[in-house]
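Student: The structure's right below; bear with me while I get my questions together.
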Amino acid sequence: MTRKNTLYLMVILALFAFALWVILPIDSERFGREGIQLGLDLQGGVRLVYQADLSSVESGDETEVIEGVIAVIANRINPLGVTEPNIERRGTNQIVVELPMLSVTDKQKERIGRTALLKFGELTTEEEEARWVNDLGSWKPATATIYGQEKELTSSYFKENTYVDRDNLGRILLVFEWNEEGSKLSEEITGRLINQPLGIFEGDESLLGDDGRPIAPIVRSKITDRGQIEGLSLHEATELSKQLNAGRLPVPLETKYELTVDPTLGADFVALGSKAGLIGIILVMLFMIIYYRLPGVLASLALIFYGALVLAAFKLIPVTLTLAGLGGFILSIGMAVDANVLIFERMKEEFRTGRTLGAAIEAGFNRAWTAIKDSNITTFIVCGILYWVGTSIVAGAPVKGFALTLFIGVAVSMFTAILVTRTFLRLFVGSRLAKRTSLFSPYLGRK
Amino acid sequence: MLDIVGKRFWFLLISGALALICIILLATFGLELGIDFSSGSILTASFEQEVDQDQLERELAGLGYISANIERNPEGDFLISTVELTTKEKAQLKESLAAKFGTINEKGFENVDPVIAKETARIAAIAIAIAAVGILLYITWAFRRMPSPFRYGTCGILALVFNVLIVLGVFAVLGAVLGWGINLMFITGILAVIGYSVNNTVVIFDRIRENLIKDVSADFKVVVNNSLVESLSRSFNTSLTTVLVVLALLLFVGASIQNFTVTLLIGIIIGTYSSIYVAPTLLVVWEKGEWGRLLHPAQF
């Protein structure tokens, strides 16, 4: 045993101890990282991608508008009690919302992306094109011309002081006040529509009352300053009032992607994935020991070291572990021994030419190195491409996770398979065991 | 010594036939597209009472979801694929199903808009193209000191195309028989297979390079065959360890990443085959200028 090798061994053992300290116990806090971060598919939660309609926004103002949208969404998410929500802009007009570890009801989800812009409509005459259709008929936006411009009547003319009230029969009212422009529009429109219904719509749909029917009050008299919407449930009216006052989105949003995973569904996968990994690693070790004997035992030790080191890397970097990422890690266990297989096969050949253990080890490692390097680079190229795919597409988190774990796995395996196994093997050089070649290669005699 | 290169025409003929069969399968069945690429929704739900799959299918058809596809995972949850659903539509669907089958628990929901699906498909296609070109360039570069590095690169890529064709052929059948759609995990698997099988080819090419430098024989055929046989146990052993872990993954994690694990499993096995029987034999045929003989089985 050379002095240099002893030094290597000390470093390896120290690293192993360090890796174990980092990962055990699994939820311990090390360097500010607590546990291994799990992706949405494993811990549950919601991922929503909205696309903002920026057609009405002047060019140059997009960033400001999107930032406004993000602020409003953040406000709406706050009461849900998510610990680490993530809201960010994607591309020019998309917004990604991630709410980990949360079960959200459909109603809550709908409210996050709700525009909260009410539009008023009047019934169409026969030849006119309908903007909305509901049980009550076909509707078009109610418009009026003020200051020489035709404008639609919407809740954007509400003052931000709407409130919920009850009339003397106990019915719920959402009370609003028009601003200056709104009151001019309303005066003209309601003046024209006396004894006709005024439809209320949100986006493409009718505003529905508590009874599930579209809300469309009959105009009794000209409305100039204030009005009220009747028929909503108390909860719905309160929400809407809140959103009309301060939380209105500056532009309409459309949901382009949604992924919801119940936390219980993900928990199963963590258990199953760990089991698969453990069984995989044991099978690989068994094979290596049966086929390669003593070097196989050493490769198995290196594999345990490998596992600890990779998990420590996942925790410290930190890598968000998804189901596919777990798959990448497990796959990398199988691939990690590749370098060992290459080296051991080389060693056998060197043995056959009559070299001693020491010479066979050095020659085996040196000759196998170019193959190990060249072949792993192709895997790195693919990991790079997959990482790019994972970051460029909306549903790419699993792909990104796989690319990262496979990359880390293969990179670490180059280190452990070469340095660690070689250091272990060198320990035997010059010992009595080195003479018993059957320990190193059971098939030597046959060739 | 085992003579693989000597039977190169047979191996290439068999491989060519396999590839042709897969092309025909692909042309006949096409590939079933998952929602990642075709847009739509998948609702993962369980019922408190036992629900019959056929009955569920009929009920869905009755509700207007005629093309709905239902799968069941090992936990007994139903994975219901439909056209794109808004949150409102999904809520209505759940209500209708609850009215018929009793309490329903939503365990997961994914909805992909056509805009996103298109973007995903475009990026997946670009990724596969970049991977192919990147690997061709890399192999050409890695073997730049050889007399004809481009041939090594091209043979590596041809073996790769062969691997991908076989996987696609198998998925055409899986799609037609079991309704398996290709999704993002499938593409991830394909790319992993691309990286992995080229890895095998590179190891063998590396051995050929070494034996050429050592001047083992003046005959290129002999050099390649020696290199192949010398790498054989490595090729098998590495594939075996990888197949072992993939099998563990397939058996234990199953359902939600089955596309991925099955792609890997087929890809690793075929990739090992092609790195031994396709890429090096093609290289010999090319180096020796024997393309014409491939068309005359009598001369094999």
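Each chain in the structure tokens gets a letter, A, B and so on, in the order shown; residues start at 1 in every chain, and ligands are counted from 1 in the order they appear.
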Pick out the residues sitting within 9 Å of Glu84 of chain B, and hand them over as a PyMOL selection string; count only C-alpha atoms, and ignore anything fewer than 5 positions along from it in its own chain.
Tutor: chain B and resi 35+39-42+111-114
Student: Go ahead and save the residues from that selection, with C-alpha atoms, as a compact mmCIF listing (two decimals), in the first residue's frame.
Tutor:
# COMPACT_ATOMS: atom_id res chain seq x y z
CA ILE B 35 -52.50 14.85 -24.24
CA SER B 39 -54.16 18.54 -26.01
CA GLY B 40 -56.96 17.44 -23.74
CA SER B 41 -57.49 16.46 -20.12
CA ILE B 42 -56.72 13.55 -17.86
CA ASN B 111 -55.26 19.88 -18.78
CA VAL B 112 -53.28 20.84 -21.86
CA ASP B 113 -54.38 23.56 -24.26
CA PRO B 114 -53.68 23.10 -28.00
Student: Would you kindly report the residues of chain B within 8 Å of chain A, using only C-alpha atoms, as an mmCIF file with C-alpha atoms, in the first residue's frame?
Tutor:
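iface25.cif, freshly written:
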data_model
loop_
_atom_site.group_PDB
_atom_site.id
_atom_site.type_symbol
_atom_site.label_atom_id
_atom_site.label_comp_id
_atom_site.auth_asym_id
_atom_site.auth_seq_id
_atom_site.Cartn_x
_atom_site.Cartn_y
_atom_site.Cartn_z
ATOM 1 C CA ASP B 36 -49.006 16.363 -24.045
ATOM 2 C CA THR B 87 -62.488 23.908 -14.492
ATOM 3 C CA LYS B 88 -66.259 24.406 -14.733
ATOM 4 C CA ALA B 91 -66.664 20.171 -11.918
ATOM 5 C CA GLU B 106 -60.261 13.694 -7.523
ATOM 6 C CA LYS B 107 -56.635 12.647 -7.141
ATOM 7 C CA GLY B 108 -55.166 14.492 -10.040
ATOM 8 C CA PHE B 109 -56.031 16.544 -13.055
ATOM 9 C CA GLU B 110 -54.018 17.659 -16.019
ATOM 10 C CA ASN B 111 -55.263 19.884 -18.781
ATOM 11 C CA VAL B 112 -53.282 20.838 -21.863
ATOM 12 C CA ASP B 113 -54.381 23.562 -24.263
ATOM 13 C CA VAL B 115 -51.289 26.080 -27.928
ATOM 14 C CA ILE B 116 -49.158 24.331 -25.305
ATOM 15 C CA GLU B 119 -45.284 24.079 -28.556
ATOM 16 C CA THR B 120 -44.380 20.840 -26.741
ATOM 17 C CA ILE B 123 -39.667 21.446 -28.977
ATOM 18 C CA ALA B 124 -39.617 17.639 -28.750
ATOM 19 C CA ALA B 127 -34.640 18.163 -29.349
ATOM 20 C CA ILE B 130 -30.356 18.384 -32.139
ATOM 21 C CA ALA B 131 -29.530 15.129 -30.348
ATOM 22 C CA GLY B 134 -24.936 16.622 -31.821
ATOM 23 C CA ILE B 135 -24.081 12.949 -31.540
ATOM 24 C CA TYR B 138 -19.378 14.283 -31.424
ATOM 25 C CA ALA B 142 -13.997 11.755 -31.141
ATOM 26 C CA LEU B 184 -43.373 13.728 -22.892
ATOM 27 C CA MET B 185 -42.004 10.852 -20.797
ATOM 28 C CA THR B 188 -37.509 11.595 -22.556
ATOM 29 C CA LEU B 191 -33.589 10.640 -25.822
ATOM 30 C CA ALA B 192 -32.144 8.611 -22.941
ATOM 31 C CA ILE B 194 -30.276 7.700 -27.894
ATOM 32 C CA GLY B 195 -27.598 8.680 -25.390
ATOM 33 C CA TYR B 196 -27.302 5.210 -23.947
ATOM 34 C CA VAL B 198 -24.599 5.525 -28.707
ATOM 35 C CA ASN B 199 -22.594 5.044 -25.520
ATOM 36 C CA ASN B 200 -22.353 1.313 -26.368
ATOM 37 C CA VAL B 202 -18.730 4.440 -28.897
ATOM 38 C CA VAL B 203 -17.147 1.857 -26.592
ATOM 39 C CA ASP B 206 -13.085 3.008 -29.304
ATOM 40 C CA ARG B 207 -11.851 -0.567 -29.227
ATOM 41 C CA SER B 233 -18.873 -9.322 -22.187
ATOM 42 C CA ARG B 234 -18.688 -5.632 -21.328
ATOM 43 C CA ASN B 237 -22.857 -6.939 -18.561
ATOM 44 C CA THR B 238 -23.484 -3.221 -18.729
ATOM 45 C CA THR B 241 -27.120 -4.104 -14.925
ATOM 46 C CA THR B 242 -29.116 -1.337 -16.595
ATOM 47 C CA VAL B 243 -31.941 -3.694 -17.544
ATOM 48 C CA LEU B 244 -32.051 -4.878 -13.913
ATOM 49 C CA VAL B 245 -32.665 -1.401 -12.535
ATOM 50 C CA VAL B 246 -35.152 -0.543 -15.289
ATOM 51 C CA ALA B 248 -37.170 -2.753 -10.834
ATOM 52 C CA LEU B 249 -38.529 0.623 -11.909
ATOM 53 C CA LEU B 251 -42.357 -3.423 -11.650
ATOM 54 C CA PHE B 252 -42.536 -1.082 -8.676
ATOM 55 C CA VAL B 253 -43.359 2.344 -10.006
ATOM 56 C CA ILE B 257 -44.095 6.385 -16.003
#
Student: Determine which residues of segment 247-441 of chain A receive a DSSP assignment of strand (DSSP E or B), computed from the backbone, and state them as number ranges by chain.
Tutor: A: 253-261, 321
Student: For Phe186 of chain B, work out the shell of residues within 8 Å, counting only C-alpha atoms and skipping chain neighbours fewer than 5 positions away, then give it as an MDAnalysis selection string.
Tutor: chainID B and resid 259:260 263
Student: Export, as a CSV table (one decimal), in the first residue's frame, the selected residues with N, CA and C atoms.
Tutor:
chain,number,residue,atom,x,y,z
B,259,ASN,N,-44.6,4.5,-19.9
B,259,ASN,CA,-44.1,4.8,-21.2
B,259,ASN,C,-42.6,4.9,-21.2
B,260,PHE,N,-42.1,5.6,-20.2
B,260,PHE,CA,-40.7,5.9,-20.0
B,260,PHE,C,-39.9,4.6,-19.8
B,263,THR,N,-40.0,2.2,-22.8
B,263,THR,CA,-39.1,2.8,-23.9
B,263,THR,C,-37.7,2.4,-23.5
Student: How many Å lie between atom CA of Ile215 of chain A and atom CA of Ile200 of chain A, rounded to one decimal?
Tutor: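 Separating atom CA of Ile215 of chain A from atom CA of Ile200 of chain A is a distance of 6.2 Å.
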Student: Check segment 108-195 of chain A with DSSP on the backbone and list each residue it calls helix (DSSP H, G or I), as a PyMOL selection string.
Tutor: chain A and resi 108-112+155-157+180-192
Student: Next, dump the selected residues to file, keeping only C-alpha atoms, as an mmCIF file, in the first residue's frame.
Tutor:
data_model
loop_
_atom_site.group_PDB
_atom_site.id
_atom_site.type_symbol
_atom_site.label_atom_id
_atom_site.label_comp_id
_atom_site.auth_asym_id
_atom_site.auth_seq_id
_atom_site.Cartn_x
_atom_site.Cartn_y
_atom_site.Cartn_z
ATOM 1 C CA GLN A 108 -60.665 28.343 -5.527
ATOM 2 C CA LYS A 109 -58.823 27.508 -8.715
ATOM 3 C CA GLU A 110 -61.339 29.373 -10.808
ATOM 4 C CA ARG A 111 -60.986 32.466 -8.650
ATOM 5 C CA ILE A 112 -57.206 32.630 -9.050
ATOM 6 C CA SER A 155 -67.407 47.144 -14.430
ATOM 7 C CA SER A 156 -64.207 49.012 -15.246
ATOM 8 C CA TYR A 157 -66.346 52.126 -14.698
ATOM 9 C CA GLU A 180 -68.000 59.903 -14.111
ATOM 10 C CA GLU A 181 -67.620 58.246 -17.492
ATOM 11 C CA GLY A 182 -69.597 55.217 -16.340
ATOM 12 C CA SER A 183 -72.509 57.274 -15.208
ATOM 13 C CA LYS A 184 -72.723 59.008 -18.620
ATOM 14 C CA LEU A 185 -72.652 55.607 -20.381
ATOM 15 C CA SER A 186 -75.136 54.103 -17.958
ATOM 16 C CA GLU A 187 -77.511 57.060 -18.279
ATOM 17 C CA GLU A 188 -77.670 56.686 -22.028
ATOM 18 C CA ILE A 189 -77.882 52.898 -22.083
ATOM 19 C CA THR A 190 -80.426 52.431 -19.306
ATOM 20 C CA GLY A 191 -82.418 55.301 -20.729
ATOM 21 C CA ARG A 192 -82.672 53.409 -23.987
#
Student: Please list as a count of residues only every residue within 12 Å of Ala360 of chain A, counting only C-alpha atoms and excluding residues in the same chain fewer than 4 positions away.
Tutor: 27
Student: Please determine, counting only C-alpha atoms, which residue among A:Asn195, A:Ser206, A:Tyr50, A:Gly170 has the shortest atom-to-atom distance to Arg131 of chain A.
Tutor: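 Nearest candidate to Arg131 of chain A out of A:Asn195, A:Ser206, A:Tyr50, A:Gly170: A:Ser206.
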Student: Using only C-alpha atoms, determine which residues lie at most 10 Å from segment 173-182 of chain B, disregarding the query and same-chain residues fewer than 2 positions distant; provide the list as a short mmCIF file (atom, residue, chain, number, x, y, z; two decimals) with N, CA and C atoms, in the first residue's frame.
Tutor:
data_model
loop_
_atom_site.label_atom_id
_atom_site.label_comp_id
_atom_site.auth_asym_id
_atom_site.auth_seq_id
_atom_site.Cartn_x
_atom_site.Cartn_y
_atom_site.Cartn_z
N CYS B 22 -41.10 -2.49 -38.69
CA CYS B 22 -41.50 -1.40 -37.80
C CYS B 22 -42.03 -0.21 -38.59
N LEU B 25 -45.49 -1.15 -39.52
CA LEU B 25 -46.37 -1.04 -38.35
C LEU B 25 -46.73 0.42 -38.08
N LEU B 26 -45.71 1.27 -38.19
CA LEU B 26 -45.92 2.69 -37.96
C LEU B 26 -46.89 3.26 -38.98
N THR B 28 -49.12 1.63 -40.68
CA THR B 28 -50.46 1.06 -40.54
C THR B 28 -51.19 1.66 -39.33
N PHE B 29 -50.55 1.58 -38.17
CA PHE B 29 -51.24 1.99 -36.95
C PHE B 29 -51.03 3.46 -36.60
N GLY B 30 -49.92 4.01 -37.02
CA GLY B 30 -49.58 5.36 -36.58
C GLY B 30 -49.29 5.34 -35.10
N LEU B 31 -49.05 6.51 -34.52
CA LEU B 31 -48.79 6.57 -33.09
C LEU B 31 -49.96 7.23 -32.39
N GLU B 32 -50.36 6.65 -31.29
CA GLU B 32 -51.41 7.25 -30.47
C GLU B 32 -50.77 8.44 -29.75
N LEU B 33 -51.37 9.62 -29.85
CA LEU B 33 -50.77 10.78 -29.19
C LEU B 33 -51.41 11.02 -27.82
N GLY B 34 -50.59 11.20 -26.81
CA GLY B 34 -51.09 11.55 -25.48
C GLY B 34 -51.45 13.02 -25.43
N ILE B 35 -52.03 13.47 -24.32
CA ILE B 35 -52.50 14.85 -24.24
C ILE B 35 -51.36 15.86 -24.30
N ASP B 36 -50.14 15.44 -23.96
CA ASP B 36 -49.01 16.36 -24.05
C ASP B 36 -48.88 16.93 -25.46
N PHE B 37 -49.19 16.09 -26.44
CA PHE B 37 -49.00 16.48 -27.84
C PHE B 37 -50.29 16.77 -28.58
N SER B 38 -51.41 16.25 -28.07
CA SER B 38 -52.65 16.42 -28.83
C SER B 38 -53.64 17.31 -28.09
N ASN B 69 -61.11 8.03 -22.98
CA ASN B 69 -60.34 6.80 -22.85
C ASN B 69 -60.11 6.56 -21.36
N ILE B 70 -60.35 5.33 -20.91
CA ILE B 70 -60.22 5.07 -19.48
C ILE B 70 -59.12 4.04 -19.24
N GLU B 71 -58.21 4.35 -18.31
CA GLU B 71 -57.21 3.38 -17.88
C GLU B 71 -57.30 3.25 -16.38
N LEU B 168 -40.36 2.89 -31.85
CA LEU B 168 -41.59 3.48 -32.41
C LEU B 168 -42.52 2.39 -32.91
N GLY B 169 -41.95 1.37 -33.55
CA GLY B 169 -42.76 0.26 -34.05
C GLY B 169 -43.50 -0.43 -32.91
N VAL B 170 -42.79 -0.68 -31.83
CA VAL B 170 -43.42 -1.33 -30.68
C VAL B 170 -44.53 -0.44 -30.11
N PHE B 171 -44.27 0.88 -30.06
CA PHE B 171 -45.29 1.78 -29.50
C PHE B 171 -46.49 1.94 -30.44
N LEU B 184 -44.68 13.11 -23.15
CA LEU B 184 -43.37 13.73 -22.89
C LEU B 184 -42.39 12.73 -22.28
N MET B 185 -42.88 11.85 -21.42
CA MET B 185 -42.00 10.85 -20.80
C MET B 185 -41.47 9.88 -21.84
N PHE B 186 -42.28 9.62 -22.87
CA PHE B 186 -41.83 8.76 -23.95
C PHE B 186 -40.65 9.41 -24.68
N ILE B 187 -40.80 10.71 -24.97
CA ILE B 187 -39.72 11.44 -25.65
C ILE B 187 -38.46 11.44 -24.78
N GLN B 258 -44.85 4.35 -17.09
CA GLN B 258 -44.63 3.10 -17.83
C GLN B 258 -44.14 3.37 -19.25
N ASN B 259 -44.61 4.46 -19.86
CA ASN B 259 -44.13 4.84 -21.18
C ASN B 259 -42.62 4.94 -21.20
N PHE B 260 -42.13 5.58 -20.16
CA PHE B 260 -40.71 5.87 -20.01
C PHE B 260 -39.92 4.59 -19.77
#
Student: In Å, how far is it from atom CA of Val410 of chain A to atom CA of Thr140 of chain B?
Tutor: 22.5 Å
Student: Using atom CA of Leu311 of chain A and atom CA of Phe415 of chain A as the two end points, give the distance in Å to one decimal.
Tutor: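 Atom-to-atom, atom CA of Leu311 of chain A and atom CA of Phe415 of chain A are spaced 14.9 Å apart.
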Student: Hey, which of B:Gln49, B:Ile208, B:Lys221, B:Ile266 ends up closest to Val193 of chain B? Count only C-alpha atoms.
Tutor: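 The answer is B:Ile266, which sits nearest to Val193 of chain B.
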Student: Determine, counting only C-alpha atoms, which protein, DNA and RNA residues have an atom within 8 Å of an atom of segment 209-219 of chain B; residues of the same chain fewer than 6 positions away are not included. Present the result as an MDAnalysis selection string.
Tutor: chainID B and resid 143 146 227
Student: Write the selection just made, keeping C-alpha atoms, as a CSV table (one decimal), in the first residue's frame?
Tutor:
chain,number,residue,atom,x,y,z
B,143,PHE,CA,-12.7,9.6,-34.0
B,146,MET,CA,-9.2,7.8,-37.9
B,227,SER,CA,-12.8,-5.5,-31.1
Student: Could you check the closest approach to Ile304 of chain A for each of A:Thr2, A:Leu404, A:Asn78, A:Val420 and tell me which residue wins, using only C-alpha atoms?
Tutor: A:Val420
Student: So that I can see what lies close to Gly231 of chain A, please list as a PyMOL selection string the residues with an atom at most 9 Å from it, counting only C-alpha atoms and leaving out residues fewer than 6 positions away in the same chain.
Tutor: chain A and resi 171-174+208-211+215+237
Student: Between A:Leu253, A:Ala17, A:Ala312, A:Leu42, which is the closest to Ile95 of chain A once you count only C-alpha atoms?
Tutor: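 Nearest candidate to Ile95 of chain A out of A:Leu253, A:Ala17, A:Ala312, A:Leu42: A:Leu253.
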